[in-house]
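First up is the structure itself, then whatever we jot down about it.
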Protein chains: 2
Amino acid sequence: MERTWAISGVDLHLDLEGPRLRAALEAGLRDAVSSGRLGPGTRLPSSRALAGDLGLARNTVADAYSQLVAEGWLTALQGSGTRVAARVARPEGDARSPAAEAAGPRTRFDLRPGSPDVSAFPRAEWLRAARRALAQAPFDALDYSDPRGRPELRAALADYLARTRGVRASPDRIVVCSGFTHGFALLCRVLRQDGARTLAIEEHGLRTVPTAASAAGLAPSWLSIDEEGAAVAELGDADAVVLTPAHQFPLGMALAPRRRASLVQWATSGERLIIEDDYDGEFRYDRHPVGALQAHAPDRVVYAGTASKTLAPGLRLAWLVVPPALVEPLVAARMLAERHTGVIDQLTLAELIRSGAYDRHIRRARLVYRRRRDRLVAQLRRRAPEAHVSGIAAGLHALVDLPPGLSEEQAIARAREHGLAVIGLASFGHRRAREREALVVGYAKPPEHAFTGAVARLTATLGAGTGRINRGRARRGRRPPQGQTASRS
Amino acid sequence: MERTWAISGVDLHLDLEGPRLRAALEAGLRDAVSSGRLGPGTRLPSSRALAGDLGLARNTVADAYSQLVAEGWLTALQGSGTRVAARVARPEGDARSPAAEAAGPRTRFDLRPGSPDVSAFPRAEWLRAARRALAQAPFDALDYSDPRGRPELRAALADYLARTRGVRASPDRIVVCSGFTHGFALLCRVLRQDGARTLAIEEHGLRTVPTAASAAGLAPSWLSIDEEGAAVAELGDADAVVLTPAHQFPLGMALAPRRRASLVQWATSGERLIIEDDYDGEFRYDRHPVGALQAHAPDRVVYAGTASKTLAPGLRLAWLVVPPALVEPLVAARMLAERHTGVIDQLTLAELIRSGAYDRHIRRARLVYRRRRDRLVAQLRRRAPEAHVSGIAAGLHALVDLPPGLSEEQAIARAREHGLAVIGLASFGHRRAREREALVVGYAKPPEHAFTGAVARLTATLGAGTGRINRGRARRGRRPPQGQTASRS
């Protein structure tokens with residue numbers, strides 16, 4: 001049954017049949033805003049009034065409004081109702097975050113890696129789960145709690161990780177922490193206390209990894225990376241290693257099976273520890289996910305997972321599955337810090353997992369990101385055929401090797417002229433010598449309505465038509481000296 | 001208008017007039033359960049059905065149910081509806097938290113300090129605020145966020161702290177952290193990096209304070225405490241000091257005005273830092289709250305506040321107001337750890353403060369705790385006249401000096417026989433020599449329905465009638481050797 005109704009004199013056409021009433025309502029409103037039929041500043045009817053008109057539950061309308069506010073189409077301000085967002089206030093132009101400021105005041109699009117599309121955070125589902133979780137929790141859940149995390153969440157994670165990632169986890173060896181870096185920093189301190197001196201680290205990765213290791217007194221030793229992933233033969237007598245076996249960050253390959261085997265052999269033969277950073281293991285597009293390494297040696301591997309990519313980094317929710325001997329030292333380390341992660345988020349995530357909403361959200365997100373990846377690859381092939389894309393079998397980012405003659409610095413500067421923030425591979429290189437000129441493109445980050453524009457600006461930056469990009473303006477003065485860009489091998 | 005309705009054949013009498021419908025409904029149900037008219041396991045009607053019967057909004061009934069679940073009167077389990085809790089499952093007997101386990105498996109009452117009554121956590125208000133906050137937040141609030149905390153919360157706190165505690169705070173010098181100990185540990189690391197070597201610490205206080213200082217490489221120097229609070233004349237050339245000026249923990253006095261003046265003089269003359277732990281500044285019963293020391297020297301004082309006493313420790317939400325020069329080093333320290341506190345709790349607390357619900361909750365709690373304090377004092381006077389109570393002008397705990405001849409160990413053991421967990425002053429003493437035998441009684445902690453029972457057991461433990469306490473059972477074997485209890489001076 002299709003119904004038509006009018007908001008401020010604008011007709012909206014909705015297919016309100018079947019169980020996906022809310023999705024249909026959202027789609028109808030989104031379309032009306034993006035097409036301009038509902039103009040900036042237009043006030044929408046109250047959720048109660050619209051629900052009455054449409055014969056829907058009020059929550060259905062309220063949830064749809066919330067979602068569209070989250071996505072930046074609508075705004076909801078106390079006292080002035082729900083309105084269509086002003087173009088100028090579009091979220092992609094929001095420069096309030098320090099990261100956005102660093103990228104320049106005119107940044108309208110952002111393809112830097114590290115975040116999922118937070119505008120798709122399932123706010124309504126999260127709130128429903130929070131309500132159910134708080135209704136069921138014993139009151140002392142709100143008191144100082146188990147430093148490993150709430151038992152409800154550890155139980156839910158044990159089941160989830162076994163089911164989706166093959167992790168051999170029991171709730172008593174799970175430690176809920178506030179993001180990967182938090183858990184990793186705690187681990188480094190515990191390792192150092194236990195006498196460890198060196199930690200092997202992939203030569204490309206997050207800057208915070210070697211920094212946190214050094215801060216804890218561990219000396220880094222570097223592992224080079226080739227098409228089979230980290231060169232585990234270089235591990236030598238390091239006391240421990242941290243790596244990203246399912247999807248190397250940022251280069252994007254999976255650790256080859258024979259290397260996985262030697263890695264496990266290295267750890268078990270010498271009582272050494274492997275820290276498996278499974279930051280985006282949920283997102284694999286080509287085949288079934290690469291199972292967790294942890295299953296092969298649960299007593300020698302710390303498995304680290306996170307909600308930063310599946311839900312949102314702002315939650316600061318992550319988890320370690322650790323060998324039993326590490327539980328007590330980890331707990332002791334955090335008793336002198338934040339003690340445990342906030343319980344309401346923990347209880348809510350537990351309920352989200354338990355109810356199946358977490359899996360559903362991930363499935364939806366996986367479809368969206370795979371489509372985005374395909375569009376990115378197709379657009380680059382068409383408009384910037386000299387750029388080479390790799391690392392795309394999984395995750396939320398791609399490695400884009402630059403066309404010959406274009407340095408990272410040049411690409412970043414050109415992108416900035418287009419209002420696009422990007423980041424070069426050099427920002428993730430721990431060793432000095434640069435071997436390739438590439439961008440690490442986070443295609444999950446833009447909100448849905450900004451993705452097309454972001455990709456268009458990327459292809460304009462990298463494409464044959466770079467002549468269109470202000471060639472006339474004297475940009476040469478800002479270019480880095482040739483020496484810096486001549487190291488490609 | 002009084003209405004009577006029946007649940008499972010039991011009549012409930014409700015005064016459902018005026019705006020406090022939910023409170024009346026809660027009171028009626030609570031009374032029916034505690035009197036036994038609604039027996040354990042009884043299934044309550046669905047909130048929808050009861051709301052229909054009573055002509056109330058469904059949310060009113062659902063919120064009342066949630067509150068009673070939180071308080072332990074009812075249980076709500078997926079698939080089996082809302083039922084009257086079984087006596088055996090009463091929350092005060094819940095031994096799942098490590099703390100409760102440590103107190104013995106038969107603990108039914110808990111008067112240890114450190115927590116408010118978490119069963120009174122305003123779950124419904126929190127959820128409402130979360131819904132509003134998420135509807136209004138820009139989507140990138142859920143991305144990696146400002147490590148100082150969300151701007152919404154820092155703005156709300158700046159206003160709140162100025163209004164209620166006289167703190168001179170601007171949002172840009174507030175750092176939201178995950179509990180006091182977390183913020184304190186970060187501060188210690190920053191102080192040490194800046195060259196500090198010694199931190200003066202009150203000789204009675206939280207164990208984690210000297211431990212975290214030592215872990216950061218700061219040597220503690222002890223300040224003795226007399227009836228005017230910490231002996232600031234002993235500060236000498238310590239690089240910094242941490243103390244509890246509004247309500248010394250655990251002894252309970254306020255720092256005398258002339259000592260506040262010398263303390264500030266000490267800090268400003270020598271460029272030294274004061275860390276003002278204002279853990280329970282919201283709860284003052286005798287007169288207006290003692291204003292924050294910070295206002296006298298905002299560039300030399302770090303003000304530390306927390307939601308652990310006003311709302312619940314499980315949230316792990318606290319805040320530092322710091323001199324501008326400390327903001328950047330604090331931010332850098334947490335970038336190698338958890339980066340920032342979870343944003344949803346931050347946004348929710350901001351909305352709770354902004355809407356006035358936070359102030360209302362504190363006012364309600366202050367009334368409840370003052371009544372509890374008065375009942376505790378009256379009951380001890382009547383039934384244990386040889387125990388001496390002090391430190392009760394503020395806060396959520398009292399210091400109870402034991403009757404002559406009773407040691408802390410004896411009192412703790414006797415209380416345990418009554419199913420009551422208490423803690424002795426010795427647990428908060430950083431120096432060896434014990435000067436008094438006393439209990440630190442946290443009267444805020446029990447849920448409302450357990451408070452009377454908890455106080456009765458305390459007075460039985462300490463009262464003249466201690467003969468009633470299992471004198472027949474051979475307990476002497478468990479008593480500590482005399483030498484350990486003979487150090488009272």
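Chains: A, B, ... in order of the structure tokens. Residues: from 1 per chain. Ligands: from 1, in order shown.
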
Glu228 of chain B environment, 12 Å, only C-alpha atoms, sequence neighbours closer than 3 positions dropped, as an MDAnalysis selection string:
chainID B and resid 224:225 231:233 245:248 251:260 391

Could you name the residues that touch Asp278 of chain A at 10 Å or less, counting only C-alpha atoms, but leaving out those on the same chain fewer than 6 positions away, as a list in words?
Arg165, Phe180, Leu243, Thr244, Pro245, Ala246, His247, Gln248, Phe249, Gly291, Ala292, Leu293, Tyr303, Ala304, Gly305 and Thr306 of chain A

Based on the backbone DSSP call, show me all residues of segment 239-330 of chain A assigned alpha helix (DSSP H), as an NGL selection string.
:A and (257-270 or 324-330)

Record the distance separating atom CA of Leu142 of chain B and atom CA of Gly314 of chain A, expressed in Å with one decimal.
4.4 Å

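Distances here use only C-alpha atoms; by that measure, the residue among A:Ala332, A:Leu326, A:Leu191, A:Leu29 closest to chain B is A:Ala332.
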
Residues within 10 Å of Asp239 of chain B, only C-alpha atoms, excluding chain neighbours under 2 positions, as a PyMOL selection string
chain B and resi 191-192+195-200+218+235-237+241+267+270-274

Export C-alpha atoms of the chosen residues as a PDB file, in the first residue's frame?
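Output saved as part.pdb:
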```pdb
ATOM      1  CA  LEU B 191      53.732  15.912  37.640  1.00  0.00           C
ATOM      2  CA  ARG B 192      56.548  13.378  37.503  1.00  0.00           C
ATOM      3  CA  GLY B 195      60.188  17.020  37.447  1.00  0.00           C
ATOM      4  CA  ALA B 196      58.146  16.630  40.652  1.00  0.00           C
ATOM      5  CA  ARG B 197      59.517  14.083  43.118  1.00  0.00           C
ATOM      6  CA  THR B 198      57.369  14.241  46.250  1.00  0.00           C
ATOM      7  CA  LEU B 199      53.633  14.401  46.791  1.00  0.00           C
ATOM      8  CA  ALA B 200      52.230  15.249  50.220  1.00  0.00           C
ATOM      9  CA  LEU B 218      56.314  10.203  43.186  1.00  0.00           C
ATOM     10  CA  LEU B 235      54.022  20.466  53.773  1.00  0.00           C
ATOM     11  CA  GLY B 236      57.639  21.635  53.706  1.00  0.00           C
ATOM     12  CA  ASP B 237      59.121  21.410  50.259  1.00  0.00           C
ATOM     13  CA  VAL B 241      49.771  17.915  47.737  1.00  0.00           C
ATOM     14  CA  ALA B 267      51.194  26.777  46.714  1.00  0.00           C
ATOM     15  CA  GLY B 270      56.443  28.199  45.499  1.00  0.00           C
ATOM     16  CA  GLU B 271      54.638  27.363  42.253  1.00  0.00           C
ATOM     17  CA  ARG B 272      53.385  24.152  43.784  1.00  0.00           C
ATOM     18  CA  LEU B 273      50.245  22.247  42.918  1.00  0.00           C
ATOM     19  CA  ILE B 274      47.260  21.443  45.143  1.00  0.00           C
TER      20      ILE B 274
END
```

With a distance cut-off of 10 Å and only C-alpha atoms, select the neighbouring residues of Leu56 of chain A, excluding the residue or stretch itself and same-chain residues fewer than 4 positions from it, and output the selection as a count of residues only.
10

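Distances from A:Leu439, A:Ile174, A:Ala333, A:Leu153 to chain B were compared using only C-alpha atoms, and the smallest one belongs to A:Ala333.
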
Need to verify the contact set: Tyr144 of chain B, 12 Å, only C-alpha atoms, exclusion of same-chain residues closer than 2 positions in sequence. Can you return it as a ChimeraX atom specification?
/A:96-100,113-118,179,308-309,311-317,445 /B:139-142,146-150,335,338-343

Residues flagged strand (DSSP E or B) by DSSP in segment 221-441 of chain A, as JSON, numbers by chain
{"A": [221, 222, 223, 225, 226, 229, 230, 240, 241, 242, 243, 273, 274, 275, 276, 277, 284, 301, 302, 303, 304, 305, 306, 318, 319, 320, 321, 388, 389, 390, 394, 397, 398, 399, 400, 401, 420, 421, 424, 429, 438, 439, 440, 441]}

Write the selection just made, keeping N, CA and C atoms, as a tab-separated table (two decimals), in the first residue's frame?
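In the end it all went to out-v4.tsv:
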```tsv
chain	number	residue	atom	x	y	z
A	221	SER	N	61.00	-3.72	18.07
A	221	SER	CA	61.83	-4.25	16.99
A	221	SER	C	60.91	-4.42	15.79
A	222	TRP	N	61.39	-4.00	14.60
A	222	TRP	CA	60.47	-3.88	13.46
A	222	TRP	C	60.37	-5.13	12.62
A	223	LEU	N	59.16	-5.41	12.18
A	223	LEU	CA	58.92	-6.51	11.23
A	223	LEU	C	58.58	-5.90	9.89
A	225	ILE	N	57.09	-5.98	6.01
A	225	ILE	CA	55.83	-6.53	5.52
A	225	ILE	C	55.94	-6.73	4.02
A	226	ASP	N	55.58	-7.92	3.55
A	226	ASP	CA	55.52	-8.13	2.11
A	226	ASP	C	54.12	-8.63	1.76
A	229	GLY	N	52.17	-10.57	4.26
A	229	GLY	CA	51.97	-9.99	5.59
A	229	GLY	C	53.29	-9.81	6.32
A	230	ALA	N	53.22	-9.75	7.65
A	230	ALA	CA	54.42	-9.49	8.44
A	230	ALA	C	55.43	-10.62	8.27
A	240	ALA	N	57.73	-10.49	22.66
A	240	ALA	CA	56.31	-10.53	22.29
A	240	ALA	C	56.16	-9.82	20.95
A	241	VAL	N	55.00	-9.97	20.34
A	241	VAL	CA	54.75	-9.31	19.07
A	241	VAL	C	53.31	-8.80	19.06
A	242	VAL	N	53.10	-7.66	18.43
A	242	VAL	CA	51.74	-7.19	18.19
A	242	VAL	C	51.56	-7.08	16.69
A	243	LEU	N	50.47	-7.64	16.17
A	243	LEU	CA	50.24	-7.55	14.73
A	243	LEU	C	48.77	-7.67	14.37
A	273	LEU	N	54.55	-14.06	23.78
A	273	LEU	CA	53.15	-13.63	23.65
A	273	LEU	C	52.89	-12.99	22.28
A	274	ILE	N	51.75	-13.35	21.70
A	274	ILE	CA	51.28	-12.70	20.47
A	274	ILE	C	50.08	-11.83	20.83
A	275	ILE	N	50.12	-10.58	20.43
A	275	ILE	CA	48.94	-9.72	20.59
A	275	ILE	C	48.31	-9.56	19.22
A	276	GLU	N	47.11	-10.14	19.08
A	276	GLU	CA	46.41	-10.18	17.80
A	276	GLU	C	45.39	-9.04	17.75
A	277	ASP	N	45.72	-7.99	17.02
A	277	ASP	CA	44.83	-6.83	16.91
A	277	ASP	C	43.83	-7.10	15.80
A	284	ARG	N	34.74	-8.68	6.22
A	284	ARG	CA	35.47	-9.36	5.16
A	284	ARG	C	34.50	-9.56	4.02
A	301	VAL	N	48.25	-16.32	22.99
A	301	VAL	CA	47.75	-15.21	22.17
A	301	VAL	C	46.76	-14.37	22.97
A	302	VAL	N	46.95	-13.06	22.93
A	302	VAL	CA	45.92	-12.13	23.40
A	302	VAL	C	45.14	-11.70	22.17
A	303	TYR	N	43.85	-11.97	22.18
A	303	TYR	CA	42.98	-11.52	21.09
A	303	TYR	C	42.40	-10.17	21.49
A	304	ALA	N	42.52	-9.17	20.62
A	304	ALA	CA	41.98	-7.84	20.91
A	304	ALA	C	40.92	-7.47	19.88
A	305	GLY	N	39.71	-7.25	20.33
A	305	GLY	CA	38.63	-6.83	19.44
A	305	GLY	C	38.08	-5.49	19.92
A	306	THR	N	37.21	-4.88	19.11
A	306	THR	CA	36.75	-3.53	19.45
A	306	THR	C	35.37	-3.25	18.85
A	318	ALA	N	36.19	-1.91	23.99
A	318	ALA	CA	36.97	-2.94	23.32
A	318	ALA	C	37.15	-4.09	24.30
A	319	TRP	N	37.79	-5.16	23.85
A	319	TRP	CA	37.93	-6.31	24.72
A	319	TRP	C	39.21	-7.07	24.39
A	320	LEU	N	39.79	-7.62	25.42
A	320	LEU	CA	40.93	-8.51	25.27
A	320	LEU	C	40.49	-9.89	25.74
A	321	VAL	N	40.89	-10.93	24.99
A	321	VAL	CA	40.76	-12.30	25.49
A	321	VAL	C	42.19	-12.73	25.78
A	388	HIS	N	46.53	2.76	-8.17
A	388	HIS	CA	46.36	1.32	-7.98
A	388	HIS	C	45.79	1.04	-6.59
A	389	VAL	N	44.69	0.28	-6.55
A	389	VAL	CA	44.00	0.03	-5.29
A	389	VAL	C	44.32	-1.37	-4.80
A	390	SER	N	44.60	-1.50	-3.51
A	390	SER	CA	44.82	-2.85	-2.95
A	390	SER	C	44.32	-2.90	-1.51
A	394	ALA	N	38.92	-6.85	2.70
A	394	ALA	CA	38.32	-6.75	4.03
A	394	ALA	C	38.44	-5.33	4.53
A	397	HIS	N	39.10	0.26	4.83
A	397	HIS	CA	40.00	1.18	4.15
A	397	HIS	C	40.65	0.46	2.97
A	398	ALA	N	41.19	1.25	2.06
A	398	ALA	CA	41.92	0.71	0.91
A	398	ALA	C	43.24	1.45	0.82
A	399	LEU	N	44.23	0.77	0.25
A	399	LEU	CA	45.50	1.42	0.00
A	399	LEU	C	45.51	1.84	-1.46
A	400	VAL	N	45.70	3.12	-1.71
A	400	VAL	CA	45.68	3.62	-3.08
A	400	VAL	C	47.06	4.15	-3.44
A	401	ASP	N	47.80	3.35	-4.25
A	401	ASP	CA	49.11	3.82	-4.72
A	401	ASP	C	48.90	4.96	-5.71
A	420	LEU	N	38.80	18.03	0.67
A	420	LEU	CA	38.83	16.61	1.05
A	420	LEU	C	40.05	16.34	1.93
A	421	ALA	N	39.83	15.71	3.10
A	421	ALA	CA	40.94	15.33	3.97
A	421	ALA	C	41.34	13.89	3.67
A	424	GLY	N	48.38	10.12	4.09
A	424	GLY	CA	49.33	9.33	3.32
A	424	GLY	C	49.84	8.14	4.09
A	429	GLY	N	54.03	4.85	8.71
A	429	GLY	CA	55.30	4.14	8.58
A	429	GLY	C	56.18	4.43	9.78
A	438	ALA	N	51.51	6.50	-1.37
A	438	ALA	CA	50.15	5.97	-1.37
A	438	ALA	C	49.29	6.72	-0.37
A	439	LEU	N	47.99	6.65	-0.59
A	439	LEU	CA	47.04	7.16	0.40
A	439	LEU	C	46.35	5.98	1.06
A	440	VAL	N	46.05	6.12	2.36
A	440	VAL	CA	45.24	5.13	3.06
A	440	VAL	C	43.84	5.72	3.13
A	441	VAL	N	42.95	5.16	2.32
A	441	VAL	CA	41.62	5.76	2.13
A	441	VAL	C	40.59	5.03	2.99
```

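Of note, atom CA of Leu425 of chain A and atom CA of Gly442 of chain A are spaced 12.0 Å apart.
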
I want to know what sits within 10 Å of Ser170 of chain A, based on only C-alpha atoms, with residues of the same chain fewer than 4 positions away left out; could you give that as number ranges by chain?
A: 154-155, 157-159, 161-162, 174, 321-322, 324

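Closest approach to chain B from the set A:Ala57, A:Leu349, A:Ala135, A:Leu68 is made by A:Ala135, with distances taken over only C-alpha atoms.
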